[in-house]
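To be precise, the following lines are start32.cif, and they hold mmCIF, C-alpha atoms and all ligand atoms.
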data_entry
loop_
_atom_site.group_PDB
_atom_site.id
_atom_site.type_symbol
_atom_site.label_atom_id
_atom_site.label_comp_id
_atom_site.auth_asym_id
_atom_site.auth_seq_id
_atom_site.Cartn_x
_atom_site.Cartn_y
_atom_site.Cartn_z
ATOM 1 C CA MET A 411 106.067 125.879 174.482
ATOM 2 C CA ASP A 412 107.329 122.371 174.130
ATOM 3 C CA THR A 413 111.069 122.498 173.724
ATOM 4 C CA THR A 414 112.308 119.248 172.333
ATOM 5 C CA SER A 415 115.728 118.759 173.731
ATOM 6 C CA VAL A 416 118.301 118.453 171.037
ATOM 7 C CA PRO A 417 120.765 115.660 171.698
ATOM 8 C CA THR A 418 124.109 117.169 172.500
ATOM 9 C CA HIS A 419 126.136 114.010 172.342
ATOM 10 C CA ILE A 420 127.721 115.149 169.133
ATOM 11 C CA ALA A 421 130.813 116.303 170.889
ATOM 12 C CA LYS A 422 133.211 118.554 169.158
ATOM 13 C CA VAL A 423 136.111 116.428 168.114
ATOM 14 C CA ASN A 424 139.425 117.693 169.230
ATOM 15 C CA VAL A 425 142.025 116.517 166.810
ATOM 16 C CA THR A 426 145.134 116.501 168.910
ATOM 17 C CA THR A 427 147.561 115.241 166.372
ATOM 18 C CA PRO A 428 151.006 114.566 167.791
ATOM 19 C CA SER A 429 153.902 116.364 166.263
ATOM 20 C CA THR A 430 155.121 113.040 164.961
ATOM 21 C CA ALA A 431 152.205 112.918 162.582
ATOM 22 C CA ASP A 432 153.007 111.798 159.123
ATOM 23 C CA ALA A 433 153.639 114.627 156.723
ATOM 24 C CA SER A 434 151.587 112.972 154.034
ATOM 25 C CA GLN A 435 148.569 113.084 156.278
ATOM 26 C CA LYS A 436 148.799 116.816 156.469
ATOM 27 C CA ARG A 437 148.920 116.947 152.729
ATOM 28 C CA ARG A 438 145.629 115.152 152.420
ATOM 29 C CA LYS A 439 143.010 117.655 153.433
ATOM 30 C CA GLN A 440 140.244 115.490 154.741
ATOM 31 C CA PRO A 441 138.218 115.933 157.862
ATOM 32 C CA ALA A 442 139.872 113.601 160.308
ATOM 33 C CA ASN A 443 137.378 112.689 162.951
ATOM 34 C CA PHE A 444 139.034 109.608 164.361
ATOM 35 C CA VAL A 445 142.506 109.739 165.771
ATOM 36 C CA CYS A 446 144.555 106.690 166.589
ATOM 37 C CA PRO A 447 145.086 106.618 170.355
ATOM 38 C CA VAL A 448 148.325 104.717 170.119
ATOM 39 C CA PRO A 449 151.152 106.930 171.413
ATOM 40 C CA GLY A 450 153.461 108.155 168.715
ATOM 41 C CA CYS A 451 151.148 107.169 165.892
ATOM 42 C CA GLY A 452 148.655 109.962 165.448
ATOM 43 C CA SER A 453 147.086 108.541 162.313
ATOM 44 C CA THR A 454 143.751 110.114 161.565
ATOM 45 C CA PHE A 455 140.752 108.606 159.870
ATOM 46 C CA THR A 456 137.524 109.858 158.467
ATOM 47 C CA ARG A 457 135.625 106.754 159.401
ATOM 48 C CA HIS A 458 135.506 104.742 162.560
ATOM 49 C CA PHE A 459 135.643 101.648 160.411
ATOM 50 C CA ASN A 460 139.020 102.690 159.125
ATOM 51 C CA LEU A 461 140.317 103.432 162.597
ATOM 52 C CA LYS A 462 139.245 99.995 163.744
ATOM 53 C CA GLY A 463 141.129 98.382 160.937
ATOM 54 C CA HIS A 464 144.106 100.525 161.716
ATOM 55 C CA LEU A 465 144.037 99.527 165.358
ATOM 56 C CA ARG A 466 144.005 95.916 164.322
ATOM 57 C CA SER A 467 147.116 96.595 162.327
ATOM 58 C CA HIS A 468 148.778 97.879 165.486
ATOM 59 C CA ALA A 469 148.143 94.550 167.106
ATOM 60 C CA GLU A 470 149.944 92.926 164.233
ATOM 61 C CA GLU A 471 152.738 95.445 164.524
ATOM 62 C CA LYS A 472 151.831 97.010 161.245
ATOM 63 C CA PRO A 473 151.068 100.545 162.370
ATOM 64 C CA PHE A 474 151.536 102.115 158.978
ATOM 65 C CA GLN A 475 148.444 101.621 156.956
ATOM 66 C CA CYS A 476 147.741 102.495 153.389
ATOM 67 C CA LYS A 477 145.382 105.445 153.408
ATOM 68 C CA TRP A 478 143.725 104.702 150.139
ATOM 69 C CA PRO A 479 140.029 103.936 150.457
ATOM 70 C CA GLY A 480 139.324 100.253 150.231
ATOM 71 C CA CYS A 481 142.934 99.201 150.573
ATOM 72 C CA GLY A 482 143.936 99.433 154.214
ATOM 73 C CA LYS A 483 147.038 97.324 153.768
ATOM 74 C CA GLY A 484 149.234 97.497 156.829
ATOM 75 C CA PHE A 485 152.969 97.778 157.011
ATOM 76 C CA ALA A 486 155.478 97.429 159.766
ATOM 77 C CA ARG A 487 157.675 100.133 158.372
ATOM 78 C CA GLN A 488 156.756 103.539 157.094
ATOM 79 C CA HIS A 489 159.151 103.112 154.196
ATOM 80 C CA ASP A 490 157.246 100.092 152.949
ATOM 81 C CA CYS A 491 153.931 101.826 153.405
ATOM 82 C CA LYS A 492 155.054 104.862 151.458
ATOM 83 C CA ARG A 493 156.351 102.731 148.662
ATOM 84 C CA HIS A 494 153.092 100.833 148.546
ATOM 85 C CA GLU A 495 151.044 104.007 148.503
ATOM 86 C CA GLN A 496 152.986 105.188 145.527
ATOM 87 C CA LEU A 497 151.531 102.264 143.638
ATOM 88 C CA HIS A 498 148.129 103.849 143.986
ATOM 89 C CA LEU A 499 149.490 107.033 142.515
ATOM 90 C CA ASN A 500 150.408 105.096 139.420
ATOM 91 C CA ILE A 501 154.070 105.720 139.835
ATOM 92 C CA ARG A 502 154.911 102.519 138.058
ATOM 93 C CA PRO A 503 157.235 103.373 135.237
ATOM 94 C CA TYR A 504 158.187 99.805 134.363
ATOM 95 C CA PRO A 505 155.370 98.106 132.488
ATOM 96 C CA CYS A 506 155.380 94.461 131.486
ATOM 97 C CA GLU A 507 154.450 94.269 127.840
ATOM 98 C CA GLY A 508 153.227 90.730 128.293
ATOM 99 C CA CYS A 509 150.571 91.006 130.968
ATOM 100 C CA LYS A 510 150.331 94.791 131.071
ATOM 101 C CA LYS A 511 151.171 94.920 134.717
ATOM 102 C CA ASN A 512 153.155 97.880 135.881
ATOM 103 C CA PHE A 513 156.023 97.728 138.271
ATOM 104 C CA ALA A 514 157.408 100.473 140.405
ATOM 105 C CA ARG A 515 160.959 99.316 140.130
ATOM 106 C CA MET A 516 163.142 97.805 137.496
ATOM 107 C CA ASP A 517 164.212 94.922 139.674
ATOM 108 C CA ALA A 518 160.590 94.088 140.399
ATOM 109 C CA LEU A 519 159.845 93.916 136.701
ATOM 110 C CA ASN A 520 162.923 91.838 136.044
ATOM 111 C CA ARG A 521 162.017 89.479 138.828
ATOM 112 C CA HIS A 522 158.565 89.110 137.334
ATOM 113 C CA LEU A 523 160.011 88.367 133.921
ATOM 114 C CA ARG A 524 162.342 85.758 135.344
ATOM 115 C CA SER A 525 159.634 84.107 137.353
ATOM 116 C CA GLU A 526 157.703 81.097 136.141
ATOM 117 C CA GLY A 527 154.581 83.124 135.548
ATOM 118 C CA GLY A 528 156.494 85.723 133.605
ATOM 119 C CA ALA A 529 157.986 83.358 131.041
ATOM 120 C CA GLU A 530 155.470 84.276 128.356
ATOM 121 C CA CYS A 531 155.749 87.926 129.261
ATOM 122 C CA ARG A 532 159.466 87.756 128.805
ATOM 123 C CA LYS A 533 159.133 86.554 125.235
ATOM 124 C CA ILE A 534 156.815 89.397 124.408
ATOM 125 C CA GLN A 535 158.953 91.854 126.272
ATOM 126 C CA ASP A 536 161.986 90.745 124.324
ATOM 127 C CA GLU A 537 160.244 91.607 121.084
ATOM 128 C CA VAL A 538 159.224 95.101 122.028
ATOM 129 C CA THR A 539 162.150 96.287 124.091
ATOM 130 C CA VAL A 540 165.772 95.611 124.764
ATOM 131 C CA PRO A 541 166.375 91.984 125.658
ATOM 132 C CA ILE A 542 167.226 91.168 129.209
ATOM 133 C CA PRO A 543 170.537 89.361 129.152
ATOM 134 C CA ASP A 544 170.823 86.194 131.142
ATOM 135 C CA GLY A 545 174.097 87.353 132.571
ATOM 136 C CA ILE A 546 172.589 89.743 135.097
ATOM 137 C CA GLU A 547 170.669 87.055 136.901
ATOM 138 C CA MET A 548 171.279 87.794 140.548
ATOM 139 C CA LYS A 549 172.376 91.366 140.234
ATOM 140 C CA GLY A 550 170.530 93.643 142.578
ATOM 141 C CA GLN A 551 168.528 90.859 144.147
ATOM 142 C CA PRO A 552 167.795 91.468 147.803
ATOM 143 C CA ALA A 553 169.366 88.904 150.062
ATOM 144 C CA ASP A 554 166.098 88.117 151.761
ATOM 145 C CA ALA A 555 164.123 87.768 148.570
ATOM 146 C CA SER A 556 161.948 84.730 148.316
ATOM 147 C CA PRO A 557 162.702 82.222 145.582
ATOM 148 C CA SER A 558 161.908 83.726 142.246
ATOM 149 C CA MET A 559 160.630 80.509 140.759
ATOM 150 C CA LYS A 560 157.233 80.614 142.351
ATOM 151 C CA PRO A 561 154.287 81.609 140.155
ATOM 152 C CA ASP A 562 152.873 85.067 140.253
ATOM 153 C CA PRO A 563 149.353 84.447 141.525
ATOM 154 C CA ASP A 564 148.174 87.889 142.388
ATOM 155 C CA GLY A 565 150.392 90.200 140.493
ATOM 156 C CA PRO A 566 152.460 93.008 141.849
ATOM 157 C CA TRP A 567 149.728 94.457 144.031
ATOM 158 C CA GLN A 568 149.604 91.712 146.557
ATOM 159 C CA GLY A 569 153.250 91.202 147.305
ATOM 160 C CA ASN A 570 154.254 88.226 149.339
ATOM 161 C CA GLY A 571 152.068 89.088 152.255
ATOM 162 C CA GLY A 572 155.048 90.246 154.240
ATOM 163 C CA GLY A 573 157.001 93.419 154.332
ATOM 164 C CA TYR A 574 158.428 92.744 150.933
ATOM 165 C CA VAL A 575 155.925 94.268 148.596
ATOM 166 C CA MET A 576 155.853 93.872 144.848
HETATM 167 ZN ZN ZN A 601 147.941 104.102 164.938
HETATM 168 ZN ZN ZN A 602 147.132 100.453 149.380
HETATM 169 ZN ZN ZN A 603 154.002 90.109 132.775
#

Kindly return the structure encoded in the file as structure tokens.
Amino acid sequence: MDTTSVPTHIAKVNVTTPSTADASQKRRKQPANFVCPVPGCGSTFTRHFNLKGHLRSHAEEKPFQCKWPGCGKGFARQHDCKRHEQLHLNIRPYPCEGCKKNFARMDALNRHLRSEGGAECRKIQDEVTVPIPDGIEMKGQPADASPSMKPDPDGPWQGNGGGYVM
């Protein structure tokens, strides 16, 4: 009898997730076949492609990567990553009536309305909701915020490309 040898290279993957693994990862019940080898990270991925992208983010010191398929945005801090991931969950309770964008935080919406690109939105917003008084201009603005006068090219999803998202 001719026994065709079955390839046995499909090794059983041992998912040795460090105890520091993100709690949200445990919540998402996916088969995690690829584990980040970076010590202290322990991020798991279902595709090698995703792991590769994640590893690249380590090189850029953005070890916390958005786990939503097709996004893969990296963040230097877990706090920023979590906040970003909430955007995917549609936790954006502050809609702009002008352009129909949704913002996760009141100050983000206000900043949008005060920006150059949000001028039209502000007029519309004023008609449908309580007016935003001019007196509160700088209240609650982060000290490291970029100038608010620049146009809003990509909307709230893109952020400024840095750690300051929205
Ligand atoms: Zn990692
Ligand atoms: Zn994302
Ligand atoms: Zn708007």

Pull the closest atom pair for each residue of chain A that gets at most 7 Å from ligand ZN 602 (chain A), along with the distance in Å to one decimal, counting all atoms listed in the file, ordering rows by chain and then ascending residue number, as CSV.
residue,atom,partner,partner_atom,distance
A:Cys476,CA,A:ZN602,ZN,4.5
A:Lys477,CA,A:ZN602,ZN,6.6
A:Trp478,CA,A:ZN602,ZN,5.5
A:Cys481,CA,A:ZN602,ZN,4.5
A:Gly482,CA,A:ZN602,ZN,5.9
A:Lys483,CA,A:ZN602,ZN,5.4
A:His494,CA,A:ZN602,ZN,6.0
A:Glu495,CA,A:ZN602,ZN,5.4
A:His498,CA,A:ZN602,ZN,6.5

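Here the question is which of A:Leu519, A:Cys506, A:Ile534, A:Ala486 gets nearest to ligand ZN 603 (chain A) using only C-alpha atoms and all ligand atoms, and that residue is A:Cys506.
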
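Here atom CA of Glu530 of chain A is placed at a distance of 7.5 Å from atom ZN of ligand ZN 603 (chain A).
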
Show me, as a Markdown table, the residues of chain A having an atom within 7 Å of ligand ZN 603 (chain A), each with the closest atom pair and its distance in Å, using all atoms listed in the file.
| residue | atom | partner | partner_atom | distance |
| --- | --- | --- | --- | --- |
| A:Cys506 | CA | A:ZN603 | ZN | 4.7 |
| A:Glu507 | CA | A:ZN603 | ZN | 6.5 |
| A:Gly508 | CA | A:ZN603 | ZN | 4.6 |
| A:Cys509 | CA | A:ZN603 | ZN | 4.0 |
| A:Lys510 | CA | A:ZN603 | ZN | 6.2 |
| A:Lys511 | CA | A:ZN603 | ZN | 5.9 |
| A:His522 | CA | A:ZN603 | ZN | 6.5 |
| A:Leu523 | CA | A:ZN603 | ZN | 6.4 |
| A:Gly528 | CA | A:ZN603 | ZN | 5.1 |
| A:Cys531 | CA | A:ZN603 | ZN | 4.5 |

Go ahead and save the picked residues with C-alpha atoms, as a tab-separated table (two decimals), keeping the file's coordinate frame.
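Everything below was put into part_34.tsv:
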chain	number	residue	atom	x	y	z
A	506	CYS	CA	155.38	94.46	131.49
A	507	GLU	CA	154.45	94.27	127.84
A	508	GLY	CA	153.23	90.73	128.29
A	509	CYS	CA	150.57	91.01	130.97
A	510	LYS	CA	150.33	94.79	131.07
A	511	LYS	CA	151.17	94.92	134.72
A	522	HIS	CA	158.56	89.11	137.33
A	523	LEU	CA	160.01	88.37	133.92
A	528	GLY	CA	156.49	85.72	133.60
A	531	CYS	CA	155.75	87.93	129.26

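You can rank A:Phe513, A:Phe459, A:Phe474, A:Phe444 by their closest distance to ligand ZN 601 (chain A) using all atoms listed in the file, and at the top of that list sits A:Phe474.
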
Requested in this report: Any chance you could resolve the PyMOL selection byres (((not hetatm)) within 9 of (chain A and resi 601)) against this file and give the residues as a list in words?
Outcome: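 Given this file, the PyMOL selection byres (((not hetatm)) within 9 of (chain A and resi 601)) evaluates to Val445, Cys446, Pro447, Val448, Pro449, Gly450, Cys451, Gly452, Ser453, Thr454, Leu461, His464, Leu465, Ser467, His468, Lys472, Pro473, Phe474 and Gln475 of chain A.
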
Requested in this report: Specify as a list in words each residue included when the PyMOL selection byres (((chain A and resi 516) around 10) and not hetatm) is applied to this file.
Outcome: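 Residues picked by the PyMOL selection byres (((chain A and resi 516) around 10) and not hetatm): Arg502, Pro503, Tyr504, Pro505, Phe513, Ala514, Arg515, Asp517, Ala518, Leu519, Asn520, Arg521, His522 and Gly550 of chain A.
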
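Note that atom CA of Ala442 of chain A and atom CA of Phe455 of chain A are 5.1 Å apart.
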
Regenerate segment 449-461 of chain A at the level of N, CA and C atoms and dump it as a PDB file, in the coordinates of the input.
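The resulting file, out34.pdb, is shown below:
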ATOM      1  N   PRO A 449     150.141 105.866 171.272  1.00  0.00           N
ATOM      2  CA  PRO A 449     151.152 106.930 171.413  1.00  0.00           C
ATOM      3  C   PRO A 449     152.169 106.890 170.275  1.00  0.00           C
ATOM      4  N   GLY A 450     152.444 108.056 169.756  1.00  0.00           N
ATOM      5  CA  GLY A 450     153.461 108.155 168.715  1.00  0.00           C
ATOM      6  C   GLY A 450     152.944 107.862 167.328  1.00  0.00           C
ATOM      7  N   CYS A 451     151.687 107.484 167.212  1.00  0.00           N
ATOM      8  CA  CYS A 451     151.148 107.169 165.892  1.00  0.00           C
ATOM      9  C   CYS A 451     150.464 108.395 165.307  1.00  0.00           C
ATOM     10  N   GLY A 452     149.327 108.741 165.873  1.00  0.00           N
ATOM     11  CA  GLY A 452     148.655 109.962 165.448  1.00  0.00           C
ATOM     12  C   GLY A 452     147.977 109.874 164.099  1.00  0.00           C
ATOM     13  N   SER A 453     147.791 108.688 163.590  1.00  0.00           N
ATOM     14  CA  SER A 453     147.086 108.541 162.313  1.00  0.00           C
ATOM     15  C   SER A 453     145.638 108.968 162.492  1.00  0.00           C
ATOM     16  N   THR A 454     145.127 109.641 161.490  1.00  0.00           N
ATOM     17  CA  THR A 454     143.751 110.114 161.565  1.00  0.00           C
ATOM     18  C   THR A 454     142.912 109.457 160.485  1.00  0.00           C
ATOM     19  N   PHE A 455     141.645 109.313 160.791  1.00  0.00           N
ATOM     20  CA  PHE A 455     140.752 108.606 159.870  1.00  0.00           C
ATOM     21  C   PHE A 455     139.418 109.316 159.791  1.00  0.00           C
ATOM     22  N   THR A 456     138.811 109.207 158.653  1.00  0.00           N
ATOM     23  CA  THR A 456     137.524 109.858 158.467  1.00  0.00           C
ATOM     24  C   THR A 456     136.373 108.958 158.884  1.00  0.00           C
ATOM     25  N   ARG A 457     136.670 107.687 159.003  1.00  0.00           N
ATOM     26  CA  ARG A 457     135.625 106.754 159.401  1.00  0.00           C
ATOM     27  C   ARG A 457     136.101 105.898 160.557  1.00  0.00           C
ATOM     28  N   HIS A 458     135.162 105.595 161.435  1.00  0.00           N
ATOM     29  CA  HIS A 458     135.506 104.742 162.560  1.00  0.00           C
ATOM     30  C   HIS A 458     135.918 103.361 162.084  1.00  0.00           C
ATOM     31  N   PHE A 459     135.290 102.945 161.009  1.00  0.00           N
ATOM     32  CA  PHE A 459     135.643 101.648 160.411  1.00  0.00           C
ATOM     33  C   PHE A 459     137.134 101.594 160.084  1.00  0.00           C
ATOM     34  N   ASN A 460     137.618 102.664 159.518  1.00  0.00           N
ATOM     35  CA  ASN A 460     139.020 102.690 159.125  1.00  0.00           C
ATOM     36  C   ASN A 460     139.937 102.687 160.339  1.00  0.00           C
ATOM     37  N   LEU A 461     139.515 103.407 161.377  1.00  0.00           N
ATOM     38  CA  LEU A 461     140.317 103.432 162.597  1.00  0.00           C
ATOM     39  C   LEU A 461     140.375 102.039 163.207  1.00  0.00           C
TER      40      LEU A 461
END
